[in-house]
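Q: my_file_23.pdb is reproduced below (PDB, C-alpha atoms, pLDDT in the B column).
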ATOM      1  CA  MET J   1      72.954 116.392  77.027  1.00 48.00           C
ATOM      2  CA  ASN J   2      70.292 115.432  74.524  1.00 51.00           C
ATOM      3  CA  GLY J   3      71.683 111.946  74.121  1.00 50.00           C
ATOM      4  CA  ASN J   4      71.105 111.325  77.807  1.00 53.00           C
ATOM      5  CA  ASN J   5      67.350 111.282  77.366  1.00 55.00           C
ATOM      6  CA  ASN J   6      67.527 108.064  75.396  1.00 55.00           C
ATOM      7  CA  ASN J   7      69.493 106.277  78.075  1.00 56.00           C
ATOM      8  CA  TYR J   8      68.533 103.020  79.698  1.00 54.00           C
ATOM      9  CA  TYR J   9      68.609 104.744  83.076  1.00 54.00           C
ATOM     10  CA  ASN J  10      66.582 107.781  82.084  1.00 58.00           C
ATOM     11  CA  ASN J  11      63.879 105.707  80.463  1.00 60.00           C
ATOM     12  CA  PRO J  12      60.542 106.782  81.972  1.00 60.00           C
ATOM     13  CA  LEU J  13      59.277 103.195  81.853  1.00 59.00           C
ATOM     14  CA  ARG J  14      62.021 102.217  84.281  1.00 59.00           C
ATOM     15  CA  ARG J  15      61.018 104.804  86.832  1.00 59.00           C
ATOM     16  CA  ASP J  16      60.096 103.682  90.293  1.00 62.00           C
ATOM     17  CA  LEU J  17      56.302 103.819  90.085  1.00 62.00           C
ATOM     18  CA  SER J  18      55.869 104.112  93.842  1.00 64.00           C
ATOM     19  CA  LEU J  19      57.520 107.522  93.770  1.00 66.00           C
ATOM     20  CA  SER J  20      55.821 110.630  92.471  1.00 65.00           C
ATOM     21  CA  LYS J  21      57.179 112.213  89.331  1.00 65.00           C
ATOM     22  CA  HIS J  22      58.989 115.048  91.059  1.00 68.00           C
ATOM     23  CA  VAL J  23      60.890 112.939  93.560  1.00 73.00           C
ATOM     24  CA  GLU J  24      64.282 111.800  92.410  1.00 78.00           C
ATOM     25  CA  VAL J  25      65.720 108.533  93.616  1.00 81.00           C
ATOM     26  CA  LEU J  26      68.440 108.975  96.228  1.00 87.00           C
ATOM     27  CA  ASN J  27      70.563 105.865  96.448  1.00 88.00           C
ATOM     28  CA  TYR J  28      72.117 104.804  99.700  1.00 93.00           C
ATOM     29  CA  ARG J  29      74.514 101.905  99.961  1.00 93.00           C
ATOM     30  CA  VAL J  30      74.593  99.322 102.689  1.00 95.00           C
ATOM     31  CA  HIS J  31      77.999  97.661 102.690  1.00 95.00           C
ATOM     32  CA  VAL J  32      77.945  94.320 104.480  1.00 96.00           C
ATOM     33  CA  ALA J  33      81.450  92.989 105.011  1.00 96.00           C
ATOM     34  CA  CYS J  34      81.605  89.470 106.463  1.00 95.00           C
ATOM     35  CA  THR J  35      85.149  88.503 107.289  1.00 94.00           C
ATOM     36  CA  PRO J  36      86.205  85.388 109.191  1.00 93.00           C
ATOM     37  CA  ASN J  37      86.817  87.542 112.278  1.00 94.00           C
ATOM     38  CA  ASN J  38      84.011  90.066 112.298  1.00 95.00           C
ATOM     39  CA  THR J  39      81.034  91.395 110.414  1.00 95.00           C
ATOM     40  CA  HIS J  40      80.384  95.047 109.820  1.00 94.00           C
ATOM     41  CA  ILE J  41      77.613  96.971 108.179  1.00 96.00           C
ATOM     42  CA  VAL J  42      78.343 100.495 106.992  1.00 96.00           C
ATOM     43  CA  MET J  43      75.836 102.780 105.332  1.00 95.00           C
ATOM     44  CA  SER J  44      77.081 105.273 102.824  1.00 94.00           C
ATOM     45  CA  ASP J  45      75.765 107.519 100.116  1.00 90.00           C
ATOM     46  CA  GLU J  46      76.161 106.775  96.449  1.00 84.00           C
ATOM     47  CA  ARG J  47      79.721 108.059  96.380  1.00 82.00           C
ATOM     48  CA  GLY J  48      80.801 105.831  99.240  1.00 85.00           C
ATOM     49  CA  GLN J  49      80.979 108.533 101.925  1.00 90.00           C
ATOM     50  CA  PRO J  50      79.702 107.042 105.205  1.00 93.00           C
ATOM     51  CA  ILE J  51      76.633 108.695 106.704  1.00 93.00           C
ATOM     52  CA  LYS J  52      75.945 109.587 110.337  1.00 90.00           C
ATOM     53  CA  ASN J  53      74.882 106.773 112.660  1.00 92.00           C
ATOM     54  CA  GLY J  54      75.446 104.254 109.966  1.00 93.00           C
ATOM     55  CA  CYS J  55      78.023 101.819 111.245  1.00 95.00           C
ATOM     56  CA  TRP J  56      77.415  98.602 113.154  1.00 95.00           C
ATOM     57  CA  THR J  57      79.929  95.875 113.824  1.00 94.00           C
ATOM     58  CA  GLY J  58      79.909  92.592 115.678  1.00 94.00           C
ATOM     59  CA  GLY J  59      81.924  94.161 118.433  1.00 93.00           C
ATOM     60  CA  SER J  60      79.613  97.152 118.730  1.00 94.00           C
ATOM     61  CA  CYS J  61      76.707  94.756 119.287  1.00 93.00           C
ATOM     62  CA  SER J  62      78.572  93.601 122.414  1.00 93.00           C
ATOM     63  CA  PHE J  63      79.950  90.362 121.063  1.00 94.00           C
ATOM     64  CA  LYS J  64      83.515  89.520 121.906  1.00 94.00           C
ATOM     65  CA  GLY J  65      86.268  87.595 120.212  1.00 93.00           C
ATOM     66  CA  VAL J  66      85.124  84.598 118.204  1.00 94.00           C
ATOM     67  CA  ASN J  67      81.443  85.522 118.527  1.00 94.00           C
ATOM     68  CA  ARG J  68      81.899  88.761 116.587  1.00 94.00           C
ATOM     69  CA  SER J  69      82.000  86.855 113.335  1.00 94.00           C
ATOM     70  CA  GLY J  70      79.151  84.518 114.217  1.00 94.00           C
ATOM     71  CA  TYR J  71      75.596  84.258 112.956  1.00 95.00           C
ATOM     72  CA  GLU J  72      74.028  85.989 115.944  1.00 95.00           C
ATOM     73  CA  ALA J  73      76.297  89.020 115.696  1.00 95.00           C
ATOM     74  CA  GLY J  74      75.469  89.374 112.021  1.00 95.00           C
ATOM     75  CA  TYR J  75      71.784  89.180 112.797  1.00 95.00           C
ATOM     76  CA  GLN J  76      72.020  91.856 115.492  1.00 94.00           C
ATOM     77  CA  CYS J  77      73.943  94.163 113.170  1.00 94.00           C
ATOM     78  CA  ALA J  78      71.315  93.621 110.502  1.00 95.00           C
ATOM     79  CA  VAL J  79      68.462  94.403 112.896  1.00 95.00           C
ATOM     80  CA  ARG J  80      70.044  97.701 113.920  1.00 95.00           C
ATOM     81  CA  ALA J  81      70.857  98.589 110.343  1.00 95.00           C
ATOM     82  CA  PHE J  82      67.248  97.954 109.323  1.00 95.00           C
ATOM     83  CA  GLU J  83      66.009 100.350 111.990  1.00 94.00           C
ATOM     84  CA  ARG J  84      68.188 103.087 110.562  1.00 95.00           C
ATOM     85  CA  ILE J  85      67.040 102.185 107.048  1.00 95.00           C
ATOM     86  CA  LYS J  86      63.401 102.551 108.063  1.00 94.00           C
ATOM     87  CA  GLN J  87      64.225 105.895 109.660  1.00 93.00           C
ATOM     88  CA  LEU J  88      65.950 107.150 106.530  1.00 93.00           C
ATOM     89  CA  ALA J  89      63.174 105.867 104.309  1.00 92.00           C
ATOM     90  CA  GLN J  90      60.689 107.978 106.242  1.00 92.00           C
ATOM     91  CA  GLU J  91      62.839 111.092 106.449  1.00 91.00           C
ATOM     92  CA  VAL J  92      64.170 111.233 102.936  1.00 89.00           C
ATOM     93  CA  PRO J  93      61.713 111.015 100.047  1.00 85.00           C
ATOM     94  CA  GLY J  94      62.946 108.749  97.298  1.00 85.00           C
ATOM     95  CA  ALA J  95      65.510 106.943  99.464  1.00 90.00           C
ATOM     96  CA  ARG J  96      66.500 103.639  97.982  1.00 91.00           C
ATOM     97  CA  PHE J  97      69.046 101.174  99.261  1.00 93.00           C
ATOM     98  CA  GLU J  98      71.610  99.025  97.593  1.00 92.00           C
ATOM     99  CA  PHE J  99      73.112  96.068  99.424  1.00 94.00           C
ATOM    100  CA  LEU J 100      76.742  95.248  98.739  1.00 94.00           C
ATOM    101  CA  PHE J 101      78.069  92.027 100.202  1.00 95.00           C
ATOM    102  CA  LYS J 102      81.734  91.429 100.717  1.00 94.00           C
ATOM    103  CA  GLY J 103      83.072  88.120 101.971  1.00 94.00           C
ATOM    104  CA  PHE J 104      81.370  84.844 102.774  1.00 94.00           C
ATOM    105  CA  GLY J 105      81.312  84.637 106.562  1.00 92.00           C
ATOM    106  CA  GLN J 106      78.370  83.619 108.720  1.00 94.00           C
ATOM    107  CA  GLY J 107      77.220  87.219 108.950  1.00 94.00           C
ATOM    108  CA  ARG J 108      76.269  87.090 105.305  1.00 95.00           C
ATOM    109  CA  ASP J 109      73.705  84.306 105.865  1.00 94.00           C
ATOM    110  CA  ALA J 110      72.425  86.197 108.884  1.00 95.00           C
ATOM    111  CA  VAL J 111      71.788  89.353 106.884  1.00 95.00           C
ATOM    112  CA  PHE J 112      70.106  87.352 104.112  1.00 94.00           C
ATOM    113  CA  LYS J 113      67.779  85.704 106.620  1.00 94.00           C
ATOM    114  CA  ALA J 114      67.044  88.997 108.341  1.00 94.00           C
ATOM    115  CA  LEU J 115      66.072  90.505 104.996  1.00 92.00           C
ATOM    116  CA  MET J 116      63.772  87.622 104.108  1.00 91.00           C
ATOM    117  CA  THR J 117      61.968  87.334 107.439  1.00 90.00           C
ATOM    118  CA  SER J 118      59.626  89.695 109.247  1.00 88.00           C
ATOM    119  CA  GLU J 119      62.556  91.845 110.378  1.00 88.00           C
ATOM    120  CA  GLY J 120      63.070  93.038 106.863  1.00 89.00           C
ATOM    121  CA  ASP J 121      59.397  93.465 105.961  1.00 90.00           C
ATOM    122  CA  ASP J 122      59.581  97.244 106.024  1.00 90.00           C
ATOM    123  CA  VAL J 123      62.976  97.336 104.370  1.00 92.00           C
ATOM    124  CA  ARG J 124      62.304  95.208 101.316  1.00 92.00           C
ATOM    125  CA  PRO J 125      60.179  97.711  99.374  1.00 90.00           C
ATOM    126  CA  PHE J 126      63.066 100.188  99.501  1.00 91.00           C
ATOM    127  CA  VAL J 127      65.771  97.874  98.251  1.00 92.00           C
ATOM    128  CA  ASN J 128      66.964  98.870  94.827  1.00 88.00           C
ATOM    129  CA  ARG J 129      69.798  96.543  94.052  1.00 90.00           C
ATOM    130  CA  VAL J 130      71.751  93.675  95.461  1.00 93.00           C
ATOM    131  CA  THR J 131      75.333  93.048  94.502  1.00 93.00           C
ATOM    132  CA  ASP J 132      78.258  90.937  95.553  1.00 94.00           C
ATOM    133  CA  ASN J 133      81.396  92.973  96.067  1.00 90.00           C
ATOM    134  CA  THR J 134      83.928  90.368  97.163  1.00 93.00           C
ATOM    135  CA  PRO J 135      87.317  91.126  95.648  1.00 92.00           C
ATOM    136  CA  ILE J 136      88.294  88.338  93.294  1.00 91.00           C
ATOM    137  CA  LYS J 137      91.934  87.908  92.476  1.00 91.00           C
ATOM    138  CA  ILE J 138      92.920  86.890  88.970  1.00 90.00           C
ATOM    139  CA  GLY J 139      96.558  85.833  89.324  1.00 88.00           C
ATOM    140  CA  GLY J 140      97.611  88.678  91.563  1.00 92.00           C
ATOM    141  CA  THR J 141      99.911  88.794  94.544  1.00 95.00           C
ATOM    142  CA  ARG J 142     101.209  85.730  96.313  1.00 95.00           C
ATOM    143  CA  ALA J 143      99.021  84.577  99.190  1.00 95.00           C
ATOM    144  CA  LYS J 144     100.186  83.514 102.643  1.00 95.00           C
ATOM    145  CA  LYS J 145     101.598  80.032 103.021  1.00 94.00           C
ATOM    146  CA  THR J 146      99.416  77.066 103.973  1.00 92.00           C
ATOM    147  CA  ARG J 147      98.240  77.164 107.529  1.00 90.00           C
ATOM    148  CA  ARG J 148      99.483  74.145 109.472  1.00 91.00           C
ATOM    149  CA  LEU J 149      98.024  73.811 112.971  1.00 88.00           C
TER     150      LEU J 149
ATOM    151  CA  MET T   1      70.647 118.059  96.082  1.00 56.00           C
ATOM    152  CA  PRO T   2      71.146 114.363  95.579  1.00 61.00           C
ATOM    153  CA  VAL T   3      74.738 113.389  95.080  1.00 65.00           C
ATOM    154  CA  LYS T   4      75.502 111.702  91.794  1.00 66.00           C
ATOM    155  CA  SER T   5      78.383 109.339  92.170  1.00 70.00           C
ATOM    156  CA  LEU T   6      80.970 108.719  89.524  1.00 70.00           C
ATOM    157  CA  GLN T   7      79.552 105.241  89.182  1.00 66.00           C
ATOM    158  CA  SER T   8      76.092 106.453  88.263  1.00 66.00           C
ATOM    159  CA  ILE T   9      77.562 108.874  85.754  1.00 64.00           C
ATOM    160  CA  VAL T  10      79.663 106.075  84.297  1.00 62.00           C
ATOM    161  CA  GLU T  11      76.660 103.761  84.270  1.00 61.00           C
ATOM    162  CA  SER T  12      74.573 106.226  82.329  1.00 57.00           C
ATOM    163  CA  THR T  13      77.167 106.202  79.578  1.00 54.00           C
ATOM    164  CA  ILE T  14      78.903 102.819  79.820  1.00 52.00           C
ATOM    165  CA  PHE T  15      76.997  99.947  81.377  1.00 51.00           C
ATOM    166  CA  SER T  16      79.687  97.963  83.129  1.00 57.00           C
ATOM    167  CA  TYR T  17      81.668  98.108  86.340  1.00 68.00           C
ATOM    168  CA  THR T  18      83.968  95.565  88.004  1.00 76.00           C
ATOM    169  CA  THR T  19      81.125  93.942  89.932  1.00 78.00           C
ATOM    170  CA  SER T  20      78.278  94.573  87.544  1.00 76.00           C
ATOM    171  CA  GLY T  21      78.233  90.908  86.624  1.00 80.00           C
ATOM    172  CA  ARG T  22      77.272  90.157  90.207  1.00 88.00           C
ATOM    173  CA  SER T  23      74.831  92.995  90.561  1.00 87.00           C
ATOM    174  CA  PHE T  24      71.068  92.574  90.223  1.00 88.00           C
ATOM    175  CA  GLU T  25      68.290  95.109  90.285  1.00 85.00           C
ATOM    176  CA  VAL T  26      65.331  94.474  92.523  1.00 86.00           C
ATOM    177  CA  LYS T  27      61.916  95.078  90.969  1.00 82.00           C
ATOM    178  CA  GLY T  28      58.955  95.724  93.237  1.00 77.00           C
ATOM    179  CA  GLY T  29      60.470  94.638  96.521  1.00 79.00           C
ATOM    180  CA  ASN T  30      61.094  91.072  95.329  1.00 88.00           C
ATOM    181  CA  VAL T  31      64.329  90.691  97.260  1.00 91.00           C
ATOM    182  CA  ALA T  32      64.111  86.967  98.018  1.00 91.00           C
ATOM    183  CA  ASP T  33      64.190  85.922  94.372  1.00 92.00           C
ATOM    184  CA  ILE T  34      67.041  88.268  93.627  1.00 93.00           C
ATOM    185  CA  LEU T  35      69.093  86.975  96.539  1.00 93.00           C
ATOM    186  CA  ASN T  36      68.539  83.433  95.300  1.00 94.00           C
ATOM    187  CA  LYS T  37      69.575  84.479  91.836  1.00 94.00           C
ATOM    188  CA  LEU T  38      72.748  86.022  93.243  1.00 94.00           C
ATOM    189  CA  GLN T  39      73.562  82.847  95.156  1.00 94.00           C
ATOM    190  CA  TYR T  40      72.926  80.735  92.083  1.00 95.00           C
ATOM    191  CA  THR T  41      75.180  82.898  89.934  1.00 94.00           C
ATOM    192  CA  LEU T  42      77.986  82.702  92.459  1.00 94.00           C
ATOM    193  CA  GLN T  43      77.571  78.956  92.795  1.00 94.00           C
ATOM    194  CA  ARG T  44      77.506  78.330  89.064  1.00 94.00           C
ATOM    195  CA  ASN T  45      80.748  80.272  88.660  1.00 93.00           C
ATOM    196  CA  ARG T  46      82.323  78.472  91.629  1.00 93.00           C
ATOM    197  CA  VAL T  47      83.264  81.735  93.351  1.00 94.00           C
ATOM    198  CA  VAL T  48      83.446  80.473  96.940  1.00 94.00           C
ATOM    199  CA  PRO T  49      85.635  77.374  96.325  1.00 94.00           C
ATOM    200  CA  GLU T  50      87.960  79.439  94.152  1.00 93.00           C
ATOM    201  CA  LEU T  51      88.296  82.108  96.820  1.00 94.00           C
ATOM    202  CA  ARG T  52      89.072  79.472  99.414  1.00 93.00           C
ATOM    203  CA  LEU T  53      91.789  78.024  97.182  1.00 93.00           C
ATOM    204  CA  ALA T  54      93.274  81.426  96.477  1.00 93.00           C
ATOM    205  CA  ALA T  55      93.347  82.352 100.162  1.00 94.00           C
ATOM    206  CA  ARG T  56      96.492  80.325 100.770  1.00 94.00           C
ATOM    207  CA  HIS T  57      99.356  79.909  98.373  1.00 95.00           C
ATOM    208  CA  GLU T  58      99.278  76.649  96.480  1.00 94.00           C
ATOM    209  CA  LYS T  59     102.641  75.278  95.453  1.00 94.00           C
ATOM    210  CA  LYS T  60     103.278  74.765  91.778  1.00 95.00           C
ATOM    211  CA  GLY T  61     103.252  70.945  91.857  1.00 97.00           C
ATOM    212  CA  TYR T  62      99.975  70.707  93.739  1.00 95.00           C
ATOM    213  CA  LYS T  63      98.412  73.347  91.511  1.00 95.00           C
ATOM    214  CA  ARG T  64      99.600  71.655  88.329  1.00 97.00           C
ATOM    215  CA  ARG T  65      98.216  68.260  89.380  1.00 97.00           C
ATOM    216  CA  ARG T  66      94.904  69.716  90.558  1.00 96.00           C
ATOM    217  CA  LEU T  67      94.365  71.671  87.344  1.00 96.00           C
ATOM    218  CA  SER T  68      95.270  68.680  85.192  1.00 98.00           C
ATOM    219  CA  SER T  69      92.809  66.469  87.070  1.00 98.00           C
ATOM    220  CA  GLU T  70      90.023  69.089  86.934  1.00 96.00           C
ATOM    221  CA  ARG T  71      90.498  69.688  83.240  1.00 97.00           C
ATOM    222  CA  TRP T  72      90.395  65.966  82.444  1.00 98.00           C
ATOM    223  CA  ARG T  73      87.208  65.502  84.462  1.00 97.00           C
ATOM    224  CA  LYS T  74      85.555  68.409  82.643  1.00 96.00           C
ATOM    225  CA  ARG T  75      86.623  67.047  79.292  1.00 98.00           C
ATOM    226  CA  PHE T  76      85.378  63.539  80.108  1.00 98.00           C
ATOM    227  CA  ALA T  77      82.038  64.812  81.363  1.00 98.00           C
ATOM    228  CA  HIS T  78      81.629  66.876  78.207  1.00 98.00           C
ATOM    229  CA  GLU T  79      82.321  63.880  75.969  1.00 98.00           C
ATOM    230  CA  VAL T  80      79.786  61.765  77.851  1.00 98.00           C
ATOM    231  CA  ARG T  81      77.250  64.598  77.589  1.00 98.00           C
ATOM    232  CA  LYS T  82      77.741  64.784  73.817  1.00 98.00           C
ATOM    233  CA  LYS T  83      77.243  61.022  73.432  1.00 98.00           C
ATOM    234  CA  VAL T  84      74.102  61.053  75.555  1.00 98.00           C
ATOM    235  CA  GLN T  85      72.675  63.950  73.548  1.00 97.00           C
ATOM    236  CA  LEU T  86      73.431  62.069  70.333  1.00 97.00           C
ATOM    237  CA  VAL T  87      71.668  58.974  71.641  1.00 97.00           C
ATOM    238  CA  ASN T  88      68.647  61.007  72.665  1.00 97.00           C
ATOM    239  CA  LYS T  89      68.544  62.652  69.264  1.00 96.00           C
ATOM    240  CA  ILE T  90      68.584  59.280  67.477  1.00 96.00           C
ATOM    241  CA  ARG T  91      65.878  57.943  69.804  1.00 96.00           C
ATOM    242  CA  ALA T  92      63.720  60.993  69.165  1.00 96.00           C
ATOM    243  CA  ARG T  93      64.116  60.394  65.439  1.00 94.00           C
ATOM    244  CA  GLY T  94      62.674  56.988  66.038  1.00 92.00           C
ATOM    245  CA  ALA T  95      65.397  54.434  65.672  1.00 77.00           C
TER     246      ALA T  95
END
Just give me the structure of the file as structure tokens.

A:
Amino acid sequence: MNGNNNNYYNNPLRRDLSLSKHVEVLNYRVHVACTPNNTHIVMSDERGQPIKNGCWTGGSCSFKGVNRSGYEAGYQCAVRAFERIKQLAQEVPGARFEFLFKGFGQGRDAVFKALMTSEGDDVRPFVNRVTDNTPIKIGGTRAKKTRRL
Amino acid sequence: MPVKSLQSIVESTIFSYTTSGRSFEVKGGNVADILNKLQYTLQRNRVVPELRLAARHEKKGYKRRRLSSERWRKRFAHEVRKKVQLVNKIRARGA
């Protein structure tokens, strides 16, 4: 209990200065999964439990088939996700967002661009952390055989 | 009541997680720099080419030859680098 006060994370100098003292940071996670067939963005709380109205996929943005995994679909998903982020940021005091990227499809570039441009202007001050979550195999199970077209 | 995840509890005691090497904190809304830093880290550790190679099974002969070639090229480049550094050191000494 007492040892916790000396922690890196409880250090008062590391506190988010834009928040008042009595507001605790509430971390939300934005999982961006960019597979070769689709992109999906899912918002969850810190534990990983998805929240209401927090899921957008390429297909849900009315793209079909090959286009679901494309740049445009990723961008649309990002735009909708940012709207929800802005909403949450207003409703919940101390809401902060962590972006977790999985996979290296085109949707990933789209979300990056959306964050950097004017679309993400209102989102950027609330972003806490950015991490790459792609599963990396070290040895592991045997992959599928070479694809010969 | 804000929900404390197991990860945050773990992080307050032990500071590492499987992806914490690829995780960066954003200070003051400076997302662009952090994204660049993330990209640079991934590129320097050759994450994307390695993932692409691991996506399909590589037969033992191909793998053996590829690794042997890569290792030789790394070794050669390192030797050249050492020689160049030595030359620069001697030049700086004034010879």

Q: Using only C-alpha atoms and a cut-off of 8 Å, which residues of chain T sit close to chain J? Please list them as a ChimeraX atom specification.

A: /T:2-7,12-13,19-20,22-32,34-35,38,48,51,54-58

Q: Filtering to C-alpha atoms, could you give me those residues as a PDB file, in the frame of the given file?

A:
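So out.pdb came out as:
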ATOM      1  CA  PRO T   2      71.146 114.363  95.579  1.00 61.00           C
ATOM      2  CA  VAL T   3      74.738 113.389  95.080  1.00 65.00           C
ATOM      3  CA  LYS T   4      75.502 111.702  91.794  1.00 66.00           C
ATOM      4  CA  SER T   5      78.383 109.339  92.170  1.00 70.00           C
ATOM      5  CA  LEU T   6      80.970 108.719  89.524  1.00 70.00           C
ATOM      6  CA  GLN T   7      79.552 105.241  89.182  1.00 66.00           C
ATOM      7  CA  SER T  12      74.573 106.226  82.329  1.00 57.00           C
ATOM      8  CA  THR T  13      77.167 106.202  79.578  1.00 54.00           C
ATOM      9  CA  THR T  19      81.125  93.942  89.932  1.00 78.00           C
ATOM     10  CA  SER T  20      78.278  94.573  87.544  1.00 76.00           C
ATOM     11  CA  ARG T  22      77.272  90.157  90.207  1.00 88.00           C
ATOM     12  CA  SER T  23      74.831  92.995  90.561  1.00 87.00           C
ATOM     13  CA  PHE T  24      71.068  92.574  90.223  1.00 88.00           C
ATOM     14  CA  GLU T  25      68.290  95.109  90.285  1.00 85.00           C
ATOM     15  CA  VAL T  26      65.331  94.474  92.523  1.00 86.00           C
ATOM     16  CA  LYS T  27      61.916  95.078  90.969  1.00 82.00           C
ATOM     17  CA  GLY T  28      58.955  95.724  93.237  1.00 77.00           C
ATOM     18  CA  GLY T  29      60.470  94.638  96.521  1.00 79.00           C
ATOM     19  CA  ASN T  30      61.094  91.072  95.329  1.00 88.00           C
ATOM     20  CA  VAL T  31      64.329  90.691  97.260  1.00 91.00           C
ATOM     21  CA  ALA T  32      64.111  86.967  98.018  1.00 91.00           C
ATOM     22  CA  ILE T  34      67.041  88.268  93.627  1.00 93.00           C
ATOM     23  CA  LEU T  35      69.093  86.975  96.539  1.00 93.00           C
ATOM     24  CA  LEU T  38      72.748  86.022  93.243  1.00 94.00           C
ATOM     25  CA  VAL T  48      83.446  80.473  96.940  1.00 94.00           C
ATOM     26  CA  LEU T  51      88.296  82.108  96.820  1.00 94.00           C
ATOM     27  CA  ALA T  54      93.274  81.426  96.477  1.00 93.00           C
ATOM     28  CA  ALA T  55      93.347  82.352 100.162  1.00 94.00           C
ATOM     29  CA  ARG T  56      96.492  80.325 100.770  1.00 94.00           C
ATOM     30  CA  HIS T  57      99.356  79.909  98.373  1.00 95.00           C
ATOM     31  CA  GLU T  58      99.278  76.649  96.480  1.00 94.00           C
TER      32      GLU T  58
END

Q: How many Å separate CA of Leu67 in chain T from CA of Arg81 in chain T?

A: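 Going from CA of Leu67 in chain T over to CA of Arg81 in chain T, I get 20.9 Å.
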
Q: Show me, as a list in words, the residues that have an atom within 10 Å of Arg108 in chain J when counting all atoms listed in the file, minus same-chain residues fewer than 3 positions from it.

A: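 The residues satisfying every condition are Val32, Ala33, Cys34, Thr35, Thr39, Ser69, Gly70, Tyr71, Gly74, Tyr75, Ala78, Phe101, Lys102, Gly103, Phe104, Gly105, Val111, Phe112, Lys113 and Ala114 of chain J.
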
Q: Could you jot down the CA of Glu72 in chain J to CA of His40 in chain J separation for me, Å, one decimal place?

A: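 About the pair CA of Glu72 in chain J and CA of His40 in chain J: they are 12.6 Å apart.
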
Q: Give as a PyMOL selection string the residues that the PyMOL selection byres ((chain J and resi 85) around 10) matches when applied to the coordinates above.

A: chain J and resi 28+30+43+54+79-84+86-91+95-97+120+122-123+126-127

Q: The PyMOL selection byres ((chain J and resi 61) around 7) on the file shown: which residues, as number ranges by chain?

A: J: 57-60, 62-63, 73, 76-77

Q: Please report the interatomic distance between CA of Lys89 in chain T and CA of Arg75 in chain T in Å with one decimal.

A: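 These two atoms are separated by 21.1 Å.
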
Q: So which one's closest to Asn36 in chain T, J:Asp109, J:Trp56, J:Ser118, J:Lys64? Using only C-alpha atoms, please.

A: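 Counting only C-alpha atoms, the residue closest to Asn36 in chain T is J:Asp109.
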
Q: Please, can range 77-88 of chain T be completed to N, CA and C atoms and returned as a PDB file, in the frame of the given file?

A:
ATOM      1  N   ALA T  77      83.471  64.582  81.179  1.00 98.00           N
ATOM      2  CA  ALA T  77      82.038  64.812  81.363  1.00 98.00           C
ATOM      3  C   ALA T  77      81.415  65.395  80.101  1.00 98.00           C
ATOM      4  N   HIS T  78      82.159  66.277  79.432  1.00 98.00           N
ATOM      5  CA  HIS T  78      81.629  66.876  78.207  1.00 98.00           C
ATOM      6  C   HIS T  78      81.455  65.845  77.105  1.00 98.00           C
ATOM      7  N   GLU T  79      82.431  64.927  76.982  1.00 98.00           N
ATOM      8  CA  GLU T  79      82.321  63.880  75.969  1.00 98.00           C
ATOM      9  C   GLU T  79      81.116  62.982  76.230  1.00 98.00           C
ATOM     10  N   VAL T  80      80.945  62.602  77.501  1.00 98.00           N
ATOM     11  CA  VAL T  80      79.786  61.765  77.851  1.00 98.00           C
ATOM     12  C   VAL T  80      78.487  62.496  77.517  1.00 98.00           C
ATOM     13  N   ARG T  81      78.457  63.790  77.851  1.00 98.00           N
ATOM     14  CA  ARG T  81      77.250  64.598  77.589  1.00 98.00           C
ATOM     15  C   ARG T  81      76.928  64.596  76.100  1.00 98.00           C
ATOM     16  N   LYS T  82      77.967  64.755  75.261  1.00 98.00           N
ATOM     17  CA  LYS T  82      77.741  64.784  73.817  1.00 98.00           C
ATOM     18  C   LYS T  82      77.164  63.458  73.334  1.00 98.00           C
ATOM     19  N   LYS T  83      77.722  62.332  73.859  1.00 98.00           N
ATOM     20  CA  LYS T  83      77.243  61.022  73.432  1.00 98.00           C
ATOM     21  C   LYS T  83      75.795  60.817  73.841  1.00 98.00           C
ATOM     22  N   VAL T  84      75.474  61.226  75.065  1.00 98.00           N
ATOM     23  CA  VAL T  84      74.102  61.053  75.555  1.00 98.00           C
ATOM     24  C   VAL T  84      73.136  61.873  74.714  1.00 98.00           C
ATOM     25  N   GLN T  85      73.552  63.104  74.373  1.00 97.00           N
ATOM     26  CA  GLN T  85      72.675  63.950  73.548  1.00 97.00           C
ATOM     27  C   GLN T  85      72.451  63.334  72.185  1.00 97.00           C
ATOM     28  N   LEU T  86      73.545  62.718  71.636  1.00 97.00           N
ATOM     29  CA  LEU T  86      73.431  62.069  70.333  1.00 97.00           C
ATOM     30  C   LEU T  86      72.445  60.902  70.399  1.00 97.00           C
ATOM     31  N   VAL T  87      72.572  60.122  71.474  1.00 97.00           N
ATOM     32  CA  VAL T  87      71.668  58.974  71.641  1.00 97.00           C
ATOM     33  C   VAL T  87      70.220  59.440  71.737  1.00 97.00           C
ATOM     34  N   ASN T  88      70.008  60.486  72.524  1.00 97.00           N
ATOM     35  CA  ASN T  88      68.647  61.007  72.665  1.00 97.00           C
ATOM     36  C   ASN T  88      68.095  61.522  71.351  1.00 97.00           C
TER      37      ASN T  88
END
